[in-house]
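The next block is my_file-v7.tsv, given as TSV, C-alpha atoms (C1' of nucleotides).
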```
chain	number	residue	atom	x	y	z
A	5	MET	CA	-10.05	19.44	-49.71
A	6	SER	CA	-10.11	21.23	-46.40
A	7	ASP	CA	-13.41	21.16	-44.73
A	8	VAL	CA	-12.65	24.35	-42.91
A	9	ALA	CA	-12.25	26.57	-45.98
A	10	GLY	CA	-14.88	29.25	-46.29
A	11	ARG	CA	-15.84	29.15	-42.66
A	12	ASP	CA	-14.73	31.23	-39.75
A	13	PRO	CA	-11.99	29.08	-38.24
A	14	GLU	CA	-12.18	30.98	-35.00
A	15	ALA	CA	-15.88	30.30	-34.56
A	16	VAL	CA	-15.29	26.63	-35.29
A	17	SER	CA	-12.40	26.45	-32.87
A	18	ARG	CA	-14.36	28.21	-30.17
A	19	PHE	CA	-17.16	25.69	-30.41
A	20	VAL	CA	-14.79	22.74	-30.59
A	21	GLU	CA	-12.90	23.74	-27.48
A	22	ARG	CA	-16.02	24.55	-25.49
A	23	PHE	CA	-17.83	21.39	-26.36
A	24	ALA	CA	-14.71	19.30	-25.81
A	25	ALA	CA	-14.32	20.85	-22.38
A	26	GLN	CA	-17.81	19.65	-21.45
A	27	LEU	CA	-17.01	16.17	-22.67
A	28	VAL	CA	-13.83	16.18	-20.61
A	29	GLU	CA	-15.79	17.20	-17.55
A	30	ALA	CA	-18.05	14.22	-18.19
A	31	GLY	CA	-15.07	11.88	-18.09
A	32	LEU	CA	-13.74	11.68	-21.65
A	33	ALA	CA	-10.00	12.12	-22.13
A	34	ARG	CA	-8.91	15.47	-23.48
A	35	MET	CA	-7.69	14.54	-26.91
A	36	PRO	CA	-10.49	12.18	-27.91
A	37	ALA	CA	-12.90	14.86	-26.76
A	38	ARG	CA	-11.30	17.48	-29.02
A	39	VAL	CA	-11.16	15.15	-32.02
A	40	PHE	CA	-14.78	14.16	-31.61
A	41	ALA	CA	-15.89	17.78	-31.26
A	42	ALA	CA	-13.92	18.74	-34.36
A	43	LEU	CA	-15.64	16.05	-36.40
A	44	LEU	CA	-19.02	17.09	-35.07
A	45	ALA	CA	-18.33	20.65	-36.18
A	46	SER	CA	-17.08	19.76	-39.65
A	47	ASP	CA	-19.32	20.29	-42.66
A	48	SER	CA	-18.56	16.96	-44.24
A	49	GLY	CA	-18.68	14.99	-41.01
A	50	ALA	CA	-15.36	13.39	-41.85
A	51	LEU	CA	-11.78	14.61	-41.56
A	52	THR	CA	-8.37	13.17	-42.30
A	53	SER	CA	-5.61	12.74	-39.77
A	54	ALA	CA	-3.72	15.69	-41.26
A	55	GLU	CA	-6.75	17.97	-41.08
A	56	LEU	CA	-7.40	17.04	-37.48
A	57	GLY	CA	-3.76	17.56	-36.58
A	58	GLU	CA	-3.65	20.98	-38.17
A	59	GLN	CA	-6.94	22.21	-36.78
A	60	LEU	CA	-6.27	21.00	-33.24
A	61	GLN	CA	-2.52	21.58	-33.28
A	62	ILE	CA	-1.64	18.05	-32.27
A	63	SER	CA	0.85	15.54	-33.61
A	64	PRO	CA	0.00	12.57	-35.85
A	65	ALA	CA	0.67	10.36	-32.84
A	66	GLY	CA	-1.88	12.28	-30.84
A	67	VAL	CA	-4.49	11.92	-33.57
A	68	SER	CA	-3.73	8.24	-33.86
A	69	GLY	CA	-4.23	7.60	-30.16
A	70	ALA	CA	-7.43	9.61	-30.03
A	71	VAL	CA	-9.10	7.95	-33.02
A	72	ARG	CA	-8.08	4.51	-31.82
A	73	TYR	CA	-9.89	5.15	-28.56
A	74	LEU	CA	-12.92	6.75	-30.20
A	75	SER	CA	-13.34	3.91	-32.64
A	76	GLN	CA	-13.10	1.38	-29.80
A	77	VAL	CA	-16.03	2.99	-28.04
A	78	HIS	CA	-17.91	3.41	-31.32
A	79	MET	CA	-17.89	7.16	-31.36
A	80	LEU	CA	-16.49	7.32	-34.88
A	81	SER	CA	-15.83	5.05	-37.78
A	82	ARG	CA	-12.84	4.90	-40.05
A	83	GLU	CA	-13.02	4.80	-43.80
A	84	ARG	CA	-10.35	4.40	-46.45
A	85	GLU	CA	-10.86	6.37	-49.57
A	86	PRO	CA	-10.31	3.79	-52.31
A	87	GLY	CA	-6.98	4.20	-54.06
A	88	SER	CA	-5.43	6.26	-51.33
A	89	ARG	CA	-3.62	5.59	-48.12
A	90	ARG	CA	-5.39	8.39	-46.42
A	91	GLU	CA	-7.88	7.44	-43.77
A	92	ARG	CA	-10.98	9.46	-43.01
A	93	TYR	CA	-12.59	9.55	-39.60
A	94	ARG	CA	-16.32	10.04	-39.63
A	95	VAL	CA	-19.14	10.70	-37.21
A	96	HIS	CA	-22.47	9.29	-38.28
A	97	SER	CA	-25.82	10.84	-37.61
A	98	ASP	CA	-26.71	7.92	-35.35
A	99	GLN	CA	-23.41	8.21	-33.51
A	100	TRP	CA	-24.94	9.07	-30.17
A	101	TYR	CA	-27.31	6.19	-30.50
A	102	GLN	CA	-24.27	3.98	-31.01
A	103	ALA	CA	-22.39	5.47	-28.07
A	104	ILE	CA	-25.30	4.97	-25.69
A	105	THR	CA	-25.86	1.44	-26.89
A	106	ASN	CA	-22.21	0.89	-26.09
A	107	ARG	CA	-22.77	2.11	-22.55
A	108	GLU	CA	-24.80	-1.03	-22.05
A	109	ALA	CA	-21.60	-3.07	-22.10
A	110	ILE	CA	-20.44	-1.06	-19.11
A	111	ILE	CA	-23.75	-1.55	-17.32
A	112	LYS	CA	-23.48	-5.28	-17.92
A	113	ARG	CA	-20.16	-5.40	-16.09
A	114	TRP	CA	-21.61	-3.43	-13.21
A	115	GLU	CA	-24.40	-5.96	-13.02
A	116	ASP	CA	-21.93	-8.85	-12.92
A	117	ALA	CA	-20.05	-7.26	-10.04
A	118	LEU	CA	-23.32	-6.65	-8.19
A	119	ARG	CA	-24.54	-10.22	-8.67
A	120	GLU	CA	-21.29	-11.50	-7.23
A	121	GLY	CA	-21.69	-9.10	-4.33
A	122	VAL	CA	-25.21	-10.28	-3.54
A	123	ALA	CA	-24.03	-13.88	-3.60
A	124	SER	CA	-20.97	-13.36	-1.42
A	125	LEU	CA	-22.50	-10.99	1.11
A	126	GLY	CA	-25.73	-12.99	1.32
A	127	ALA	CA	-29.09	-12.10	-0.18
A	128	GLY	CA	-30.62	-12.04	3.28
A	129	THR	CA	-28.31	-9.39	4.74
A	130	PRO	CA	-29.12	-5.68	4.64
A	131	ALA	CA	-26.10	-5.03	2.44
A	132	GLY	CA	-27.10	-7.90	0.13
A	133	HIS	CA	-30.55	-6.41	-0.13
A	134	ARG	CA	-29.14	-3.02	-1.07
A	135	LEU	CA	-26.97	-4.54	-3.76
A	136	ALA	CA	-29.93	-6.51	-5.09
A	137	GLU	CA	-31.97	-3.35	-5.35
A	138	THR	CA	-29.14	-1.61	-7.15
A	139	LEU	CA	-28.90	-4.55	-9.50
A	140	ALA	CA	-32.63	-4.37	-10.22
A	141	PHE	CA	-32.23	-0.68	-11.00
A	142	PHE	CA	-29.56	-1.34	-13.59
A	143	GLU	CA	-31.53	-4.17	-15.15
A	144	PHE	CA	-34.43	-1.78	-15.48
A	145	ILE	CA	-32.24	0.95	-16.97
A	146	GLU	CA	-30.70	-1.45	-19.43
A	147	LYS	CA	-34.05	-2.53	-20.82
A	148	ASP	CA	-35.56	0.93	-20.76
A	149	LEU	CA	-32.57	2.49	-22.55
A	150	VAL	CA	-33.18	0.24	-25.53
A	151	GLU	CA	-36.80	1.36	-25.71
A	152	MET	CA	-35.74	4.94	-25.29
A	153	MET	CA	-33.44	4.70	-28.30
A	154	GLU	CA	-36.31	3.26	-30.32
A	155	ARG	CA	-38.48	6.20	-29.32
A	156	TRP	CA	-35.68	8.53	-30.39
A	157	GLN	CA	-35.50	6.98	-33.85
A	158	VAL	CA	-39.21	7.69	-34.25
A	159	ARG	CA	-38.88	11.23	-32.96
A	160	ARG	CA	-35.85	11.86	-35.14
A	161	ALA	CA	-37.73	10.81	-38.24
A	162	GLU	CA	-40.44	13.33	-37.30
A	163	LEU	CA	-38.02	16.20	-36.70
A	164	PHE	CA	-35.68	15.52	-39.61
A	165	PRO	CA	-37.70	13.74	-42.31
A	166	ASP	CA	-34.81	13.96	-44.75
A	167	GLY	CA	-31.98	13.24	-42.29
B	7	MET	CA	-19.93	0.16	16.30
B	8	SER	CA	-18.19	-1.35	13.34
B	9	ASP	CA	-20.50	-2.18	10.53
B	10	VAL	CA	-18.11	-4.83	9.37
B	11	ALA	CA	-18.17	-6.98	12.52
B	12	GLY	CA	-19.69	-10.41	12.01
B	13	ARG	CA	-19.13	-10.39	8.27
B	14	ASP	CA	-16.36	-11.76	6.16
B	15	PRO	CA	-14.15	-8.70	5.70
B	16	GLU	CA	-12.44	-10.33	2.77
B	17	ALA	CA	-15.68	-10.92	0.90
B	18	VAL	CA	-16.68	-7.32	1.53
B	19	SER	CA	-13.34	-6.00	0.40
B	20	ARG	CA	-13.39	-8.13	-2.71
B	21	PHE	CA	-16.75	-6.73	-3.76
B	22	VAL	CA	-15.77	-3.17	-2.87
B	23	GLU	CA	-12.62	-3.26	-4.95
B	24	ARG	CA	-14.26	-4.94	-7.92
B	25	PHE	CA	-17.21	-2.65	-8.05
B	26	ALA	CA	-15.04	0.39	-7.48
B	27	ALA	CA	-12.84	-0.68	-10.39
B	28	GLN	CA	-15.90	-0.66	-12.67
B	29	LEU	CA	-16.86	2.79	-11.49
B	30	VAL	CA	-13.33	4.00	-12.15
B	31	GLU	CA	-13.50	2.59	-15.64
B	32	ALA	CA	-16.69	4.58	-16.15
B	33	GLY	CA	-14.87	7.77	-15.24
B	34	LEU	CA	-15.19	8.18	-11.46
B	35	ALA	CA	-12.00	8.99	-9.56
B	36	ARG	CA	-10.47	6.13	-7.64
B	37	MET	CA	-11.04	7.16	-4.08
B	38	PRO	CA	-14.63	8.37	-4.42
B	39	ALA	CA	-15.35	5.10	-6.21
B	40	ARG	CA	-13.97	3.04	-3.33
B	41	VAL	CA	-15.77	5.07	-0.69
B	42	PHE	CA	-19.06	4.80	-2.53
B	43	ALA	CA	-18.66	1.04	-3.02
B	44	ALA	CA	-17.82	0.59	0.67
B	45	LEU	CA	-21.01	2.40	1.68
B	46	LEU	CA	-23.05	0.37	-0.76
B	47	ALA	CA	-21.67	-2.82	0.77
B	48	SER	CA	-22.22	-1.79	4.37
B	49	ASP	CA	-25.13	-3.26	6.34
B	50	SER	CA	-26.19	0.03	7.85
B	51	GLY	CA	-25.73	2.04	4.67
B	52	ALA	CA	-23.73	4.61	6.62
B	53	LEU	CA	-20.14	4.69	7.81
B	54	THR	CA	-17.98	7.15	9.71
B	55	SER	CA	-14.78	8.66	8.41
B	56	ALA	CA	-12.71	6.42	10.72
B	57	GLU	CA	-14.51	3.27	9.55
B	58	LEU	CA	-13.99	4.18	5.91
B	59	GLY	CA	-10.36	4.99	6.55
B	60	GLU	CA	-9.71	1.70	8.27
B	61	GLN	CA	-11.59	-0.46	5.80
B	62	LEU	CA	-10.06	1.14	2.73
B	63	GLN	CA	-6.66	1.87	4.24
B	64	ILE	CA	-6.72	5.55	3.41
B	65	SER	CA	-5.93	8.63	5.44
B	66	PRO	CA	-8.54	10.97	6.99
B	67	ALA	CA	-7.57	13.49	4.32
B	68	GLY	CA	-8.35	10.98	1.63
B	69	VAL	CA	-11.75	10.26	3.11
B	70	SER	CA	-12.45	13.95	3.42
B	71	GLY	CA	-11.65	14.63	-0.23
B	72	ALA	CA	-13.68	11.68	-1.45
B	73	VAL	CA	-16.81	12.47	0.54
B	74	ARG	CA	-16.65	16.12	-0.42
B	75	TYR	CA	-16.72	15.13	-4.07
B	76	LEU	CA	-19.42	12.49	-3.63
B	77	SER	CA	-21.68	14.83	-1.73
B	78	GLN	CA	-21.25	17.49	-4.43
B	79	VAL	CA	-22.54	15.11	-7.08
B	80	HIS	CA	-25.29	13.86	-4.77
B	81	MET	CA	-24.00	10.34	-4.44
B	82	LEU	CA	-24.08	10.40	-0.65
B	83	SER	CA	-25.40	12.57	2.12
B	84	ARG	CA	-23.75	13.56	5.35
B	85	GLU	CA	-25.36	13.31	8.71
B	86	ARG	CA	-24.19	14.43	12.15
B	87	GLU	CA	-25.19	12.17	14.98
B	88	PRO	CA	-26.60	14.63	17.51
B	89	GLY	CA	-24.26	15.23	20.41
B	90	SER	CA	-21.19	14.01	18.63
B	91	ARG	CA	-18.64	15.49	16.30
B	92	ARG	CA	-18.55	12.33	14.29
B	93	GLU	CA	-20.01	12.57	10.84
B	94	ARG	CA	-21.73	9.68	9.09
B	95	TYR	CA	-21.79	9.31	5.33
B	96	ARG	CA	-24.85	7.60	3.98
B	97	VAL	CA	-26.12	6.19	0.71
B	98	HIS	CA	-29.87	6.31	0.30
B	99	SER	CA	-31.96	3.75	-1.50
B	100	ASP	CA	-32.84	6.35	-4.13
B	101	GLN	CA	-29.21	7.34	-4.54
B	102	TRP	CA	-28.92	6.25	-8.14
B	103	TYR	CA	-32.08	8.10	-8.95
B	104	GLN	CA	-30.42	11.18	-7.47
B	105	ALA	CA	-27.18	10.65	-9.33
B	106	ILE	CA	-28.93	10.28	-12.68
B	107	THR	CA	-31.08	13.30	-12.04
B	108	ASN	CA	-27.84	15.14	-11.40
B	109	ARG	CA	-26.53	14.07	-14.79
B	110	GLU	CA	-29.16	16.35	-16.25
B	111	ALA	CA	-27.13	19.33	-15.12
B	112	ILE	CA	-24.31	18.06	-17.30
B	113	ILE	CA	-26.62	17.52	-20.26
B	114	LYS	CA	-27.91	21.06	-19.86
B	115	ARG	CA	-24.39	22.44	-20.27
B	116	TRP	CA	-23.86	20.29	-23.35
B	117	GLU	CA	-27.03	21.74	-24.77
B	118	ASP	CA	-25.85	25.28	-24.12
B	119	ALA	CA	-22.59	24.63	-25.93
B	120	LEU	CA	-24.48	23.08	-28.85
B	121	ARG	CA	-26.92	25.98	-29.12
B	122	GLU	CA	-24.01	28.38	-29.29
B	123	GLY	CA	-22.45	26.20	-31.93
B	124	VAL	CA	-25.55	26.18	-34.11
B	125	ALA	CA	-25.77	29.95	-33.85
B	126	SER	CA	-22.14	30.64	-34.65
B	127	LEU	CA	-21.67	28.08	-37.40
B	128	GLY	CA	-25.04	28.88	-38.97
B	129	ALA	CA	-28.21	26.79	-38.82
B	130	GLY	CA	-28.16	26.46	-42.59
B	131	THR	CA	-24.74	24.85	-42.86
B	132	PRO	CA	-24.22	21.10	-42.81
B	133	ALA	CA	-22.25	21.37	-39.56
B	134	GLY	CA	-24.95	23.54	-38.04
B	135	HIS	CA	-27.52	20.96	-39.03
B	136	ARG	CA	-25.53	18.19	-37.37
B	137	LEU	CA	-25.22	20.18	-34.17
B	138	ALA	CA	-28.94	20.93	-34.23
B	139	GLU	CA	-29.71	17.25	-34.56
B	140	THR	CA	-27.38	16.45	-31.68
B	141	LEU	CA	-29.08	19.13	-29.64
B	142	ALA	CA	-32.48	17.64	-30.39
B	143	PHE	CA	-31.20	14.25	-29.27
B	144	PHE	CA	-30.12	15.61	-25.90
B	145	GLU	CA	-33.36	17.47	-25.43
B	146	PHE	CA	-35.16	14.22	-26.06
B	147	ILE	CA	-32.93	12.30	-23.64
B	148	GLU	CA	-33.38	14.91	-20.98
B	149	LYS	CA	-37.14	14.69	-21.06
B	150	ASP	CA	-37.25	10.94	-21.45
B	151	LEU	CA	-34.84	10.36	-18.55
B	152	VAL	CA	-37.26	12.04	-16.20
B	153	GLU	CA	-40.06	9.76	-17.34
B	154	MET	CA	-37.77	6.78	-17.07
B	155	MET	CA	-37.03	7.58	-13.45
B	156	GLU	CA	-40.77	7.81	-12.79
B	157	ARG	CA	-41.24	4.39	-14.32
B	158	TRP	CA	-38.46	3.09	-12.11
B	159	GLN	CA	-40.17	4.34	-8.96
B	160	VAL	CA	-43.25	2.38	-9.98
B	161	ARG	CA	-41.27	-0.72	-10.78
B	162	ARG	CA	-39.30	-0.44	-7.57
B	163	ALA	CA	-42.46	-0.34	-5.50
B	164	GLU	CA	-43.57	-3.55	-7.23
B	165	LEU	CA	-40.30	-5.37	-6.65
B	166	PHE	CA	-39.63	-4.15	-3.12
B	167	PRO	CA	-43.01	-3.35	-1.53
B	168	ASP	CA	-41.38	-2.72	1.85
B	169	GLY	CA	-38.27	-0.93	0.57
C	6	DC	C1'	10.58	-4.18	-56.31
C	7	DC	C1'	11.40	0.36	-54.84
C	8	DT	C1'	9.76	4.71	-53.40
C	9	DT	C1'	6.96	7.26	-50.79
C	10	DA	C1'	2.82	8.74	-48.22
C	11	DA	C1'	0.29	7.67	-44.38
C	12	DC	C1'	-0.56	5.59	-40.05
C	13	DT	C1'	1.10	3.27	-35.71
C	14	DT	C1'	4.05	2.15	-31.93
C	15	DC	C1'	7.25	3.19	-28.38
C	16	DA	C1'	10.22	5.47	-24.99
C	17	DC	C1'	10.42	9.44	-22.65
C	18	DA	C1'	9.71	14.37	-20.84
C	19	DA	C1'	6.29	17.26	-19.04
C	20	DA	C1'	2.13	18.15	-16.88
C	21	DT	C1'	-1.39	16.68	-14.04
C	22	DT	C1'	-3.55	14.10	-10.52
C	23	DT	C1'	-3.67	11.56	-6.32
C	24	DC	C1'	-2.83	10.82	-1.65
C	25	DT	C1'	-0.50	11.77	2.49
C	26	DG	C1'	1.35	13.92	6.89
C	27	DA	C1'	1.14	17.85	9.43
C	28	DA	C1'	-1.07	21.76	11.00
C	29	DA	C1'	-5.11	24.38	11.53
C	30	DG	C1'	-10.01	24.66	12.36
C	31	DA	C1'	-14.63	23.48	14.48
C	32	DA	C1'	-17.56	21.76	18.06
C	33	DG	C1'	-18.98	19.03	22.00
C	34	DC	C1'	-18.37	18.72	26.98
C	35	DG	C1'	-16.68	19.46	31.40
D	6	DC	C1'	-12.77	28.65	28.72
D	7	DG	C1'	-9.82	24.99	27.75
D	8	DC	C1'	-9.48	20.07	26.58
D	9	DT	C1'	-10.44	16.68	23.45
D	10	DT	C1'	-12.12	14.60	19.34
D	11	DC	C1'	-13.11	14.82	14.74
D	12	DT	C1'	-12.77	17.10	10.19
D	13	DT	C1'	-10.70	20.04	6.80
D	14	DT	C1'	-7.01	22.39	4.45
D	15	DC	C1'	-2.59	22.60	2.35
D	16	DA	C1'	2.08	21.84	0.59
D	17	DG	C1'	4.50	18.51	-1.41
D	18	DA	C1'	6.10	13.55	-2.70
D	19	DA	C1'	4.77	9.81	-5.60
D	20	DA	C1'	2.35	7.86	-9.18
D	21	DT	C1'	-0.19	8.27	-13.24
D	22	DT	C1'	-1.47	10.28	-17.51
D	23	DT	C1'	-0.70	12.91	-21.60
D	24	DG	C1'	1.41	14.16	-25.84
D	25	DT	C1'	5.54	14.20	-28.54
D	26	DG	C1'	9.50	12.96	-31.64
D	27	DA	C1'	11.50	9.35	-33.83
D	28	DA	C1'	11.67	4.94	-35.56
D	29	DG	C1'	8.94	1.26	-37.52
D	30	DT	C1'	5.20	-0.71	-40.38
D	31	DT	C1'	2.01	-0.97	-44.10
D	32	DA	C1'	0.36	-0.40	-48.61
D	33	DA	C1'	-0.28	2.45	-53.00
D	34	DG	C1'	1.78	3.63	-57.33
D	35	DG	C1'	5.15	3.69	-60.37
```
Reformat the file's structure so that it appears as structure tokens.
Amino acid sequence: MSDVAGRDPEAVSRFVERFAAQLVEAGLARMPARVFAALLASDSGALTSAELGEQLQISPAGVSGAVRYLSQVHMLSREREPGSRRERYRVHSDQWYQAITNREAIIKRWEDALREGVASLGAGTPAGHRLAETLAFFEFIEKDLVEMMERWQVRRAELFPDG
Amino acid sequence: MSDVAGRDPEAVSRFVERFAAQLVEAGLARMPARVFAALLASDSGALTSAELGEQLQISPAGVSGAVRYLSQVHMLSREREPGSRRERYRVHSDQWYQAITNREAIIKRWEDALREGVASLGAGTPAGHRLAETLAFFEFIEKDLVEMMERWQVRRAELFPDG
DNA sequence: CCTTAACTTCACAAATTTCTGAAAGAAGCG
DNA sequence: CGCTTCTTTCAGAAATTTGTGAAGTTAAGG
């Protein structure tokens, strides 16, 4: 069943393309950005490969590549409808929470590189000191982000008691 | 005066390239990433165009493009040494604070796109509800990020009393 | 098992991005 | 004012990325 039926496809498309453009500007590749935006704007929160391909005018191969990337970075999850070979790609309500939590993996690698830098340039040198301070900043961010997400869960429950 | 003199250029270069690679993976363009990493790893915290060009093996044009971008997103600042036409590009100790604050501009544009989406898809629809929840998340993040940066300033003063 | 629907992989064409050399543009200094 | 030094702009070559068609793989359903 098409998720788009009964809605203004143009309004949907307009939002999808605009929001995707912002995601692209923030560093996401074009096609994953469009797929993610389309899911976000769907009523059911889940679309099949065919639906995505039709709505976004992209080939099955394009959809495949985009969802592979998005699922790697935990921005969507795949589900198989039982007794069908159709896959559905879904955004969850805590998807952003997931995505941000995933950012921590990136921060961890930055921290590794910085620790190496402090060691090889020397903790006593001005440059070493700068790297150490940068490292401390990321360690702070990492810890504080976790707490921030906890605060969001609380706030979310307040704003959307039934969500 | 070369900032690199008296240090192991190989150790510096190794850190610069590794850290830059992480920044690239996070979405920054290659050359801005390398320039930023080189500044971070310099003892003085500031390098001239010629020094950057030599250390990174890139042309003056490359340096120019990279620093233009980095200064736009507030990841470095330019200074003119008085009585010289040489420019120095500097990272400040609160540079990451600046960069994150700048991210808020991006979040603001996401929020605009989402508000439009809620309006055009209808606040009462499931999709509209999802967009509204996403919007609320970003509004929360935006406010909380500011407080987080304030907490960092406090923490930083504790860790580096003389910084 | 065989058919068939769905997804994935792969090689390639097209579009985009990146980086450079060359030329033009500022700005200090005599 | 003209020389010199440094930076920026710009057109284009080179490299990378993107998205597709076509072939290949998997698994449901007879």
Handout entry: Cut-off 10 Å around (-16.1, 22.9, 14.5) with all atoms listed in the file: residues as a PyMOL selection string
Key = (chain B and resi 91) or (chain C and resi 30-33) or (chain D and resi 11-13)
Completion exercise
Here atom C1' of DC24 of chain C and atom C1' of DG24 of chain D stand apart by 24.8 Å
Compile a residue-level contact table for chain A against chain D at a cut-off of 10 Å, reporting for every qualifying residue the shortest atom pair and its distance in Å to one decimal, with all atoms listed in the file counted, rows ordered by chain and ascending number, as JSON lines.
```
{"residue": "A:Ala33", "atom": "CA", "partner": "D:DT23", "partner_atom": "C1'", "distance": 9.3}
{"residue": "A:Arg34", "atom": "CA", "partner": "D:DT23", "partner_atom": "C1'", "distance": 8.8}
{"residue": "A:Met35", "atom": "CA", "partner": "D:DT23", "partner_atom": "C1'", "distance": 8.9}
{"residue": "A:Ile62", "atom": "CA", "partner": "D:DG24", "partner_atom": "C1'", "distance": 8.1}
{"residue": "A:Ser63", "atom": "CA", "partner": "D:DT25", "partner_atom": "C1'", "distance": 7.0}
{"residue": "A:Pro64", "atom": "CA", "partner": "D:DT25", "partner_atom": "C1'", "distance": 9.3}
{"residue": "A:Ala65", "atom": "CA", "partner": "D:DT25", "partner_atom": "C1'", "distance": 7.5}
{"residue": "A:Gly66", "atom": "CA", "partner": "D:DG24", "partner_atom": "C1'", "distance": 6.3}
{"residue": "A:Val67", "atom": "CA", "partner": "D:DG24", "partner_atom": "C1'", "distance": 10.0}
{"residue": "A:Gly69", "atom": "CA", "partner": "D:DG24", "partner_atom": "C1'", "distance": 9.7}
{"residue": "A:Gly87", "atom": "CA", "partner": "D:DA33", "partner_atom": "C1'", "distance": 7.0}
{"residue": "A:Ser88", "atom": "CA", "partner": "D:DA33", "partner_atom": "C1'", "distance": 6.6}
{"residue": "A:Arg89", "atom": "CA", "partner": "D:DA33", "partner_atom": "C1'", "distance": 6.7}
```
Kindly assemble as a Markdown table a list of the chain C residues that lie within 10 Å of chain A, each paired with its nearest atom pair and their distance in Å to one decimal, using only C-alpha atoms (C1' of nucleotides), sorted first by chain and then by ascending residue number.
```
| residue | atom | partner | partner_atom | distance |
| --- | --- | --- | --- | --- |
| C:DA10 | C1' | A:Arg89 | CA | 7.2 |
| C:DA11 | C1' | A:Arg89 | CA | 5.8 |
| C:DC12 | C1' | A:Ser68 | CA | 7.4 |
| C:DT13 | C1' | A:Ser68 | CA | 7.2 |
| C:DT14 | C1' | A:Ala65 | CA | 8.9 |
```
Practice task
Compute the chain B side of the contact with chain A at 6 Å, counting all atoms listed in the file, and hand it back as a list in words.
Solution key: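 My answer is Phe21, Phe25, Gly33, Ala47, Ser48, Asp49, Ala119, Gly123, Pro132 and Ala133 of chain B.
Going from atom CA of Pro38 of chain B to atom CA of Asn106 of chain A covers 24.1 Å.
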Practice task
Would you mind reading off the distance between atom CA of Glu87 of chain B and atom CA of Ile106 of chain B, one decimal, in Å?
Solution key: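 Atom CA of Glu87 of chain B sits 28.0 Å away from atom CA of Ile106 of chain B.
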Atoms are missing here; could segment 106-118 of chain B be completed with N, CA and C atoms and written as an mmCIF file, in the frame of the given file?
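This went into rebuild_10.cif:
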```cif
data_model
loop_
_atom_site.group_PDB
_atom_site.id
_atom_site.type_symbol
_atom_site.label_atom_id
_atom_site.label_comp_id
_atom_site.auth_asym_id
_atom_site.auth_seq_id
_atom_site.Cartn_x
_atom_site.Cartn_y
_atom_site.Cartn_z
ATOM 1 N N ILE B 106 -28.535 10.119 -11.277
ATOM 2 C CA ILE B 106 -28.930 10.280 -12.680
ATOM 3 C C ILE B 106 -29.616 11.613 -12.898
ATOM 4 N N THR B 107 -30.444 11.993 -11.945
ATOM 5 C CA THR B 107 -31.080 13.300 -12.040
ATOM 6 C C THR B 107 -30.005 14.375 -12.141
ATOM 7 N N ASN B 108 -28.942 14.194 -11.374
ATOM 8 C CA ASN B 108 -27.840 15.140 -11.400
ATOM 9 C C ASN B 108 -27.161 15.208 -12.761
ATOM 10 N N ARG B 109 -27.122 14.080 -13.459
ATOM 11 C CA ARG B 109 -26.530 14.070 -14.790
ATOM 12 C C ARG B 109 -27.200 15.103 -15.708
ATOM 13 N N GLU B 110 -28.440 15.399 -15.409
ATOM 14 C CA GLU B 110 -29.160 16.350 -16.250
ATOM 15 C C GLU B 110 -28.487 17.713 -16.272
ATOM 16 N N ALA B 111 -27.847 18.055 -15.159
ATOM 17 C CA ALA B 111 -27.130 19.330 -15.120
ATOM 18 C C ALA B 111 -26.033 19.330 -16.169
ATOM 19 N N ILE B 112 -25.364 18.190 -16.299
ATOM 20 C CA ILE B 112 -24.310 18.060 -17.300
ATOM 21 C C ILE B 112 -24.897 18.187 -18.697
ATOM 22 N N ILE B 113 -25.980 17.454 -18.947
ATOM 23 C CA ILE B 113 -26.620 17.520 -20.260
ATOM 24 C C ILE B 113 -27.007 18.950 -20.614
ATOM 25 N N LYS B 114 -27.513 19.665 -19.621
ATOM 26 C CA LYS B 114 -27.910 21.060 -19.860
ATOM 27 C C LYS B 114 -26.725 21.877 -20.378
ATOM 28 N N ARG B 115 -25.553 21.670 -19.824
ATOM 29 C CA ARG B 115 -24.390 22.440 -20.270
ATOM 30 C C ARG B 115 -23.968 22.019 -21.669
ATOM 31 N N TRP B 116 -24.125 20.730 -21.990
ATOM 32 C CA TRP B 116 -23.860 20.290 -23.350
ATOM 33 C C TRP B 116 -24.787 21.018 -24.309
ATOM 34 N N GLU B 117 -26.039 21.091 -23.907
ATOM 35 C CA GLU B 117 -27.030 21.740 -24.770
ATOM 36 C C GLU B 117 -26.674 23.200 -25.015
ATOM 37 N N ASP B 118 -26.236 23.874 -23.959
ATOM 38 C CA ASP B 118 -25.850 25.280 -24.120
ATOM 39 C C ASP B 118 -24.738 25.415 -25.152
#
```
